[in-house]
Each structure stands twice: as C-alpha cells, then as structure tokens.
Amino acid sequence: CSGQKVKEYKLQVVEALPHDRAAYTQGLFFHNGELYESCGQYGSSYFRKVDVQSGKDLRRLNFDGRYFVEGSCVLDGLLYILTWREHKCFVYDINSFKYLGELYNPREGWGLTSNGKDLILSDGTSKIYFLDPQTFAVRSSKEVKMNGKPLTFLNELEYINGDIWANVYVEDFIVIIDPATGNVKGKIDCKGLLPSSLRKPTTDVLNGIAHNPATGEIYLTGK
C-alpha cells in the first residue's frame, strides 16, 4: 500500500510583514491574538512576544548561553519551550513569563505544538510524539509517512483544524499530517515564498508556522 494520496497545494501570499533577520526561528504561534516566537542558537536563544505589524519585541525572555532553544507552544495557560540537546522543556506562565519549572525530554527537541490535551513533539526523525503535559511521558506516537515512505527531519509544528502542519528541515515545503494515522495528506509548495532579492548570505531555511484562529490566517517565516 502506498499510503494516503497526497494533495498538492500552492501558497498565495496576501501580505509580507517585517521580521528580525537575526531571529533563528524555532517556534511560532498565536495565543489570544498575540504572536509569540522562540529563537535558537547557543549564546543567543530567547522567547518573545512580537508586534505583528512592526516585527519588534513587546516582551522578551533570554536564555543562558548553554541552551539552544527550539519549538514552543501554550496549553492551558502554560508556555512550554523546548531545548535542542539539553533534554529540558522549560515551563512558564504565558501571561507573566514567570518560570514555573522544567520537564525532562529524553529526545532531541525540535518542534512543539498542542491539540488541546497533549503536547505534540518532533525530534528530527520521522516520528511525532503525543506527550502528557504534566510529566512529558509519551501517551502515543506516530511514524509520519508520505506516499508510504517515512518522512524525516520534521521540524516546527502547528496544530490547525485537527491536522498537524510541519516544516521539513532544509525543504521548501510544508506537510499536512493526519494525526490519527501519521500519513501526510497534503503538501504545500513554498518555493519562491522568499523572493531571491531578499535572500542574504545568512538566510537559512523555511521554519515557523503560526495559525491565527481569530482570522484563519497562517503566518510563515524562516530562520
């Protein structure tokens, strides 16, 4: 069996907004109409609340240089921030940015989102994990397959209308995953999203998907 047939989508850009070129985007999401972003790199990892129109910080949380911050999300008022190889997931109050504790993650931390009851994590493999938000214990996992073949390098995640959207590291496409089966049901071609005129030597890869449920709009960025 070749698995579920993959539906192909193309992007239509409706607006381009300013974004800090130095931001190595790892997590991007909306919460209560506000945009939040986690950014990685050793020595310059931080989490911030962003003004959508200007791209400027409204609030910022800087991390110790030994941490490489990765994906982030909010569930039940709690902010979860992954680290790449440090086996920690930091927990904060999303409203006050107050530190509440940390959870142990035995895997690498890449992308993080939530379906409202589980945390959903990617670790750079073809697997996605559904985790208990209080203990980080694995409730279930799925192997993501596209046309019947495992799809690796799953990176930033976003839960949108019952599906999991995922960046694929170093690829110019986003996949839409059926959480019940792990099968990729859609593929969004993002080639040309960043015009060549805006590409710089430091431009990295596509990463960052944020869905604003209030408007239905989807915001995409890169590292």
# chains A, B, ... in the order shown; residues from 1 in each chain; ligands from 1
call {"tool": "residues_around", "arguments": {"residues": "Arg107 (chain A)", "least_positions_apart": "2", "cutoff": "12 Å", "atoms": "only C-alpha atoms", "output": "PyMOL selection string"}}
result
chain A and resi 82-89+103-105+109-111+121-125+127-129+136-138
call {"tool": "residues_around", "arguments": {"residues": "Cys190 (chain A)", "least_positions_apart": "5", "cutoff": "10 Å", "atoms": "only C-alpha atoms", "output": "MDAnalysis selection string"}}
result
chainID A and resid 9:12 171:174 206 220
call {"tool": "write_last_selection", "arguments": {"atoms": "N, CA and C atoms", "output": "mmCIF file, in the first residue's frame"}}
result
data_model
loop_
_atom_site.group_PDB
_atom_site.id
_atom_site.type_symbol
_atom_site.label_atom_id
_atom_site.label_comp_id
_atom_site.auth_asym_id
_atom_site.auth_seq_id
_atom_site.Cartn_x
_atom_site.Cartn_y
_atom_site.Cartn_z
ATOM 1 N N TYR A 9 -0.757 21.617 -2.678
ATOM 2 C CA TYR A 9 -1.252 22.989 -2.527
ATOM 3 C C TYR A 9 -0.171 23.987 -2.916
ATOM 4 N N LYS A 10 -0.610 25.139 -3.384
ATOM 5 C CA LYS A 10 0.318 26.251 -3.633
ATOM 6 C C LYS A 10 -0.038 27.391 -2.690
ATOM 7 N N LEU A 11 0.948 28.210 -2.392
ATOM 8 C CA LEU A 11 0.736 29.345 -1.493
ATOM 9 C C LEU A 11 0.216 30.557 -2.235
ATOM 10 N N GLN A 12 -0.611 31.331 -1.548
ATOM 11 C CA GLN A 12 -0.928 32.667 -2.041
ATOM 12 C C GLN A 12 -0.546 33.650 -0.940
ATOM 13 N N GLU A 171 13.834 21.712 3.506
ATOM 14 C CA GLU A 171 12.942 21.604 2.339
ATOM 15 C C GLU A 171 12.086 22.860 2.219
ATOM 16 N N ASP A 172 11.670 23.155 0.981
ATOM 17 C CA ASP A 172 10.809 24.308 0.729
ATOM 18 C C ASP A 172 9.341 23.899 0.632
ATOM 19 N N PHE A 173 8.965 22.945 1.483
ATOM 20 C CA PHE A 173 7.544 22.598 1.527
ATOM 21 C C PHE A 173 7.118 22.312 2.960
ATOM 22 N N ILE A 174 5.819 22.419 3.178
ATOM 23 C CA ILE A 174 5.204 22.121 4.472
ATOM 24 C C ILE A 174 4.279 20.932 4.253
ATOM 25 N N LEU A 206 13.308 27.641 5.586
ATOM 26 C CA LEU A 206 11.924 27.846 5.996
ATOM 27 C C LEU A 206 11.698 27.199 7.355
ATOM 28 N N LEU A 220 3.922 32.447 7.962
ATOM 29 C CA LEU A 220 5.092 31.612 7.742
ATOM 30 C C LEU A 220 6.348 32.484 7.768
#
call {"tool": "closest_residue", "arguments": {"among": "A:Lys117, A:Gln53, A:Gln26, A:Gly65", "to": "Tyr169 (chain A)", "atoms": "only C-alpha atoms"}}
result
A:Gln26
call {"tool": "atom_distance", "arguments": {"atom1": "CA of Leu28 (chain A)", "atom2": "CA of Phe153 (chain A)"}}
result
17.6 Å
call {"tool": "closest_residue", "arguments": {"among": "A:Ile209, A:Leu100, A:Val13, A:Val170", "to": "Thr113 (chain A)", "atoms": "only C-alpha atoms"}}
result
A:Ile209
call {"tool": "residues_around", "arguments": {"residues": "region 176-178 of chain A", "least_positions_apart": "2", "cutoff": "12 Å", "atoms": "only C-alpha atoms", "output": "PyMOL selection string"}}
result
chain A and resi 3-9+126-128+142-147+151+154+157-168+173-174+180-189+209
call {"tool": "residues_around", "arguments": {"residues": "Asn62 (chain A)", "least_positions_apart": "2", "cutoff": "7 Å", "atoms": "only C-alpha atoms", "output": "list of chain:residue names"}}
result
A:Ser45, A:Tyr46, A:Phe47, A:Arg60, A:Asp64
call {"tool": "atom_distance", "arguments": {"atom1": "CA of Tyr42 (chain A)", "atom2": "CA of Thr25 (chain A)"}}
result
13.1 Å
call {"tool": "select_by_dssp", "arguments": {"residues": "region 80-166 of chain A", "states": "strand (DSSP E or B)", "output": "VMD selection string"}}
result
chain A and resid 80 to 83 88 to 93 99 to 104 112 to 114 119 to 122 127 to 131 138 to 143 145 to 146 149 to 150 154 to 160 163 to 166
call {"tool": "atom_distance", "arguments": {"atom1": "CA of Asn95 (chain A)", "atom2": "CA of Gln134 (chain A)"}}
result
18.8 Å
call {"tool": "residues_around", "arguments": {"residues": "Gln41 (chain A)", "least_positions_apart": "4", "cutoff": "8 Å", "atoms": "only C-alpha atoms", "output": "MDAnalysis selection string"}}
result
chainID A and resid 24 45 67:69
call {"tool": "decode", "arguments": {"residues": "region 139-165 of chain A", "atoms": "N, CA, C and O atoms", "output": "PDB file, in the first residue's frame"}}
result
ATOM      1  N   ARG A 139       2.308   9.474  25.517  1.00  0.00           N
ATOM      2  CA  ARG A 139       0.991   8.828  25.513  1.00  0.00           C
ATOM      3  C   ARG A 139       0.825   7.952  24.277  1.00  0.00           C
ATOM      4  O   ARG A 139       0.242   6.889  24.327  1.00  0.00           O
ATOM      5  N   SER A 140       1.342   8.460  23.149  1.00  0.00           N
ATOM      6  CA  SER A 140       1.325   7.678  21.908  1.00  0.00           C
ATOM      7  C   SER A 140       2.312   8.318  20.938  1.00  0.00           C
ATOM      8  O   SER A 140       2.802   9.425  21.176  1.00  0.00           O
ATOM      9  N   SER A 141       2.608   7.603  19.859  1.00  0.00           N
ATOM     10  CA  SER A 141       3.477   8.175  18.827  1.00  0.00           C
ATOM     11  C   SER A 141       3.030   7.663  17.471  1.00  0.00           C
ATOM     12  O   SER A 141       2.341   6.641  17.375  1.00  0.00           O
ATOM     13  N   LYS A 142       3.390   8.398  16.441  1.00  0.00           N
ATOM     14  CA  LYS A 142       3.059   8.002  15.070  1.00  0.00           C
ATOM     15  C   LYS A 142       4.291   8.191  14.202  1.00  0.00           C
ATOM     16  O   LYS A 142       5.033   9.155  14.377  1.00  0.00           O
ATOM     17  N   GLU A 143       4.483   7.276  13.253  1.00  0.00           N
ATOM     18  CA  GLU A 143       5.520   7.486  12.254  1.00  0.00           C
ATOM     19  C   GLU A 143       4.880   8.212  11.086  1.00  0.00           C
ATOM     20  O   GLU A 143       3.846   7.786  10.568  1.00  0.00           O
ATOM     21  N   VAL A 144       5.494   9.320  10.697  1.00  0.00           N
ATOM     22  CA  VAL A 144       4.950  10.118   9.593  1.00  0.00           C
ATOM     23  C   VAL A 144       5.449   9.543   8.273  1.00  0.00           C
ATOM     24  O   VAL A 144       6.646   9.347   8.076  1.00  0.00           O
ATOM     25  N   LYS A 145       4.487   9.261   7.396  1.00  0.00           N
ATOM     26  CA  LYS A 145       4.844   8.706   6.084  1.00  0.00           C
ATOM     27  C   LYS A 145       4.215   9.543   4.977  1.00  0.00           C
ATOM     28  O   LYS A 145       3.068   9.976   5.098  1.00  0.00           O
ATOM     29  N   MET A 146       4.990   9.759   3.920  1.00  0.00           N
ATOM     30  CA  MET A 146       4.492  10.441   2.733  1.00  0.00           C
ATOM     31  C   MET A 146       4.598   9.456   1.571  1.00  0.00           C
ATOM     32  O   MET A 146       5.680   8.954   1.277  1.00  0.00           O
ATOM     33  N   ASN A 147       3.463   9.176   0.949  1.00  0.00           N
ATOM     34  CA  ASN A 147       3.406   8.164  -0.120  1.00  0.00           C
ATOM     35  C   ASN A 147       3.997   6.830   0.346  1.00  0.00           C
ATOM     36  O   ASN A 147       4.694   6.141  -0.383  1.00  0.00           O
ATOM     37  N   GLY A 148       3.712   6.492   1.611  1.00  0.00           N
ATOM     38  CA  GLY A 148       4.132   5.202   2.143  1.00  0.00           C
ATOM     39  C   GLY A 148       5.542   5.136   2.674  1.00  0.00           C
ATOM     40  O   GLY A 148       5.946   4.133   3.243  1.00  0.00           O
ATOM     41  N   LYS A 149       6.311   6.230   2.522  1.00  0.00           N
ATOM     42  CA  LYS A 149       7.714   6.222   2.976  1.00  0.00           C
ATOM     43  C   LYS A 149       7.891   7.155   4.167  1.00  0.00           C
ATOM     44  O   LYS A 149       7.342   8.270   4.169  1.00  0.00           O
ATOM     45  N   PRO A 150       8.691   6.748   5.161  1.00  0.00           N
ATOM     46  CA  PRO A 150       8.921   7.608   6.323  1.00  0.00           C
ATOM     47  C   PRO A 150       9.508   8.962   5.905  1.00  0.00           C
ATOM     48  O   PRO A 150      10.384   9.016   5.051  1.00  0.00           O
ATOM     49  N   LEU A 151       8.991  10.029   6.525  1.00  0.00           N
ATOM     50  CA  LEU A 151       9.457  11.384   6.224  1.00  0.00           C
ATOM     51  C   LEU A 151      10.219  11.905   7.437  1.00  0.00           C
ATOM     52  O   LEU A 151       9.639  12.108   8.500  1.00  0.00           O
ATOM     53  N   THR A 152      11.529  12.100   7.262  1.00  0.00           N
ATOM     54  CA  THR A 152      12.357  12.542   8.388  1.00  0.00           C
ATOM     55  C   THR A 152      12.550  14.062   8.376  1.00  0.00           C
ATOM     56  O   THR A 152      12.062  14.759   7.492  1.00  0.00           O
ATOM     57  N   PHE A 153      13.284  14.551   9.371  1.00  0.00           N
ATOM     58  CA  PHE A 153      13.585  15.982   9.556  1.00  0.00           C
ATOM     59  C   PHE A 153      12.327  16.825   9.784  1.00  0.00           C
ATOM     60  O   PHE A 153      12.271  17.989   9.380  1.00  0.00           O
ATOM     61  N   LEU A 154      11.320  16.236  10.422  1.00  0.00           N
ATOM     62  CA  LEU A 154      10.133  17.017  10.788  1.00  0.00           C
ATOM     63  C   LEU A 154      10.570  18.050  11.818  1.00  0.00           C
ATOM     64  O   LEU A 154      11.224  17.718  12.805  1.00  0.00           O
ATOM     65  N   ASN A 155      10.200  19.310  11.569  1.00  0.00           N
ATOM     66  CA  ASN A 155      10.725  20.390  12.403  1.00  0.00           C
ATOM     67  C   ASN A 155       9.582  21.132  13.086  1.00  0.00           C
ATOM     68  O   ASN A 155       8.821  20.542  13.826  1.00  0.00           O
ATOM     69  N   GLU A 156       9.401  22.409  12.834  1.00  0.00           N
ATOM     70  CA  GLU A 156       8.385  23.198  13.534  1.00  0.00           C
ATOM     71  C   GLU A 156       6.989  22.649  13.240  1.00  0.00           C
ATOM     72  O   GLU A 156       6.668  22.300  12.107  1.00  0.00           O
ATOM     73  N   LEU A 157       6.156  22.578  14.277  1.00  0.00           N
ATOM     74  CA  LEU A 157       4.815  22.009  14.161  1.00  0.00           C
ATOM     75  C   LEU A 157       3.755  23.048  14.499  1.00  0.00           C
ATOM     76  O   LEU A 157       3.979  23.937  15.318  1.00  0.00           O
ATOM     77  N   GLU A 158       2.580  22.879  13.880  1.00  0.00           N
ATOM     78  CA  GLU A 158       1.420  23.715  14.224  1.00  0.00           C
ATOM     79  C   GLU A 158       0.178  22.861  14.059  1.00  0.00           C
ATOM     80  O   GLU A 158       0.025  22.160  13.055  1.00  0.00           O
ATOM     81  N   TYR A 159      -0.694  22.896  15.058  1.00  0.00           N
ATOM     82  CA  TYR A 159      -1.949  22.137  15.005  1.00  0.00           C
ATOM     83  C   TYR A 159      -3.026  23.050  14.439  1.00  0.00           C
ATOM     84  O   TYR A 159      -3.351  24.079  15.032  1.00  0.00           O
ATOM     85  N   ILE A 160      -3.541  22.709  13.248  1.00  0.00           N
ATOM     86  CA  ILE A 160      -4.501  23.579  12.564  1.00  0.00           C
ATOM     87  C   ILE A 160      -5.728  22.770  12.153  1.00  0.00           C
ATOM     88  O   ILE A 160      -5.637  21.851  11.335  1.00  0.00           O
ATOM     89  N   ASN A 161      -6.866  23.106  12.740  1.00  0.00           N
ATOM     90  CA  ASN A 161      -8.150  22.477  12.381  1.00  0.00           C
ATOM     91  C   ASN A 161      -8.082  20.949  12.352  1.00  0.00           C
ATOM     92  O   ASN A 161      -8.547  20.293  11.425  1.00  0.00           O
ATOM     93  N   GLY A 162      -7.463  20.387  13.398  1.00  0.00           N
ATOM     94  CA  GLY A 162      -7.447  18.930  13.523  1.00  0.00           C
ATOM     95  C   GLY A 162      -6.306  18.230  12.818  1.00  0.00           C
ATOM     96  O   GLY A 162      -6.178  17.004  12.905  1.00  0.00           O
ATOM     97  N   ASP A 163      -5.480  18.970  12.096  1.00  0.00           N
ATOM     98  CA  ASP A 163      -4.315  18.386  11.423  1.00  0.00           C
ATOM     99  C   ASP A 163      -3.027  18.961  12.009  1.00  0.00           C
ATOM    100  O   ASP A 163      -3.040  20.028  12.623  1.00  0.00           O
ATOM    101  N   ILE A 164      -1.924  18.254  11.789  1.00  0.00           N
ATOM    102  CA  ILE A 164      -0.609  18.767  12.193  1.00  0.00           C
ATOM    103  C   ILE A 164       0.125  19.246  10.948  1.00  0.00           C
ATOM    104  O   ILE A 164       0.333  18.474  10.008  1.00  0.00           O
ATOM    105  N   TRP A 165       0.478  20.512  10.936  1.00  0.00           N
ATOM    106  CA  TRP A 165       1.300  21.065   9.855  1.00  0.00           C
ATOM    107  C   TRP A 165       2.746  21.035  10.334  1.00  0.00           C
ATOM    108  O   TRP A 165       3.030  21.352  11.494  1.00  0.00           O
TER     109      TRP A 165
END
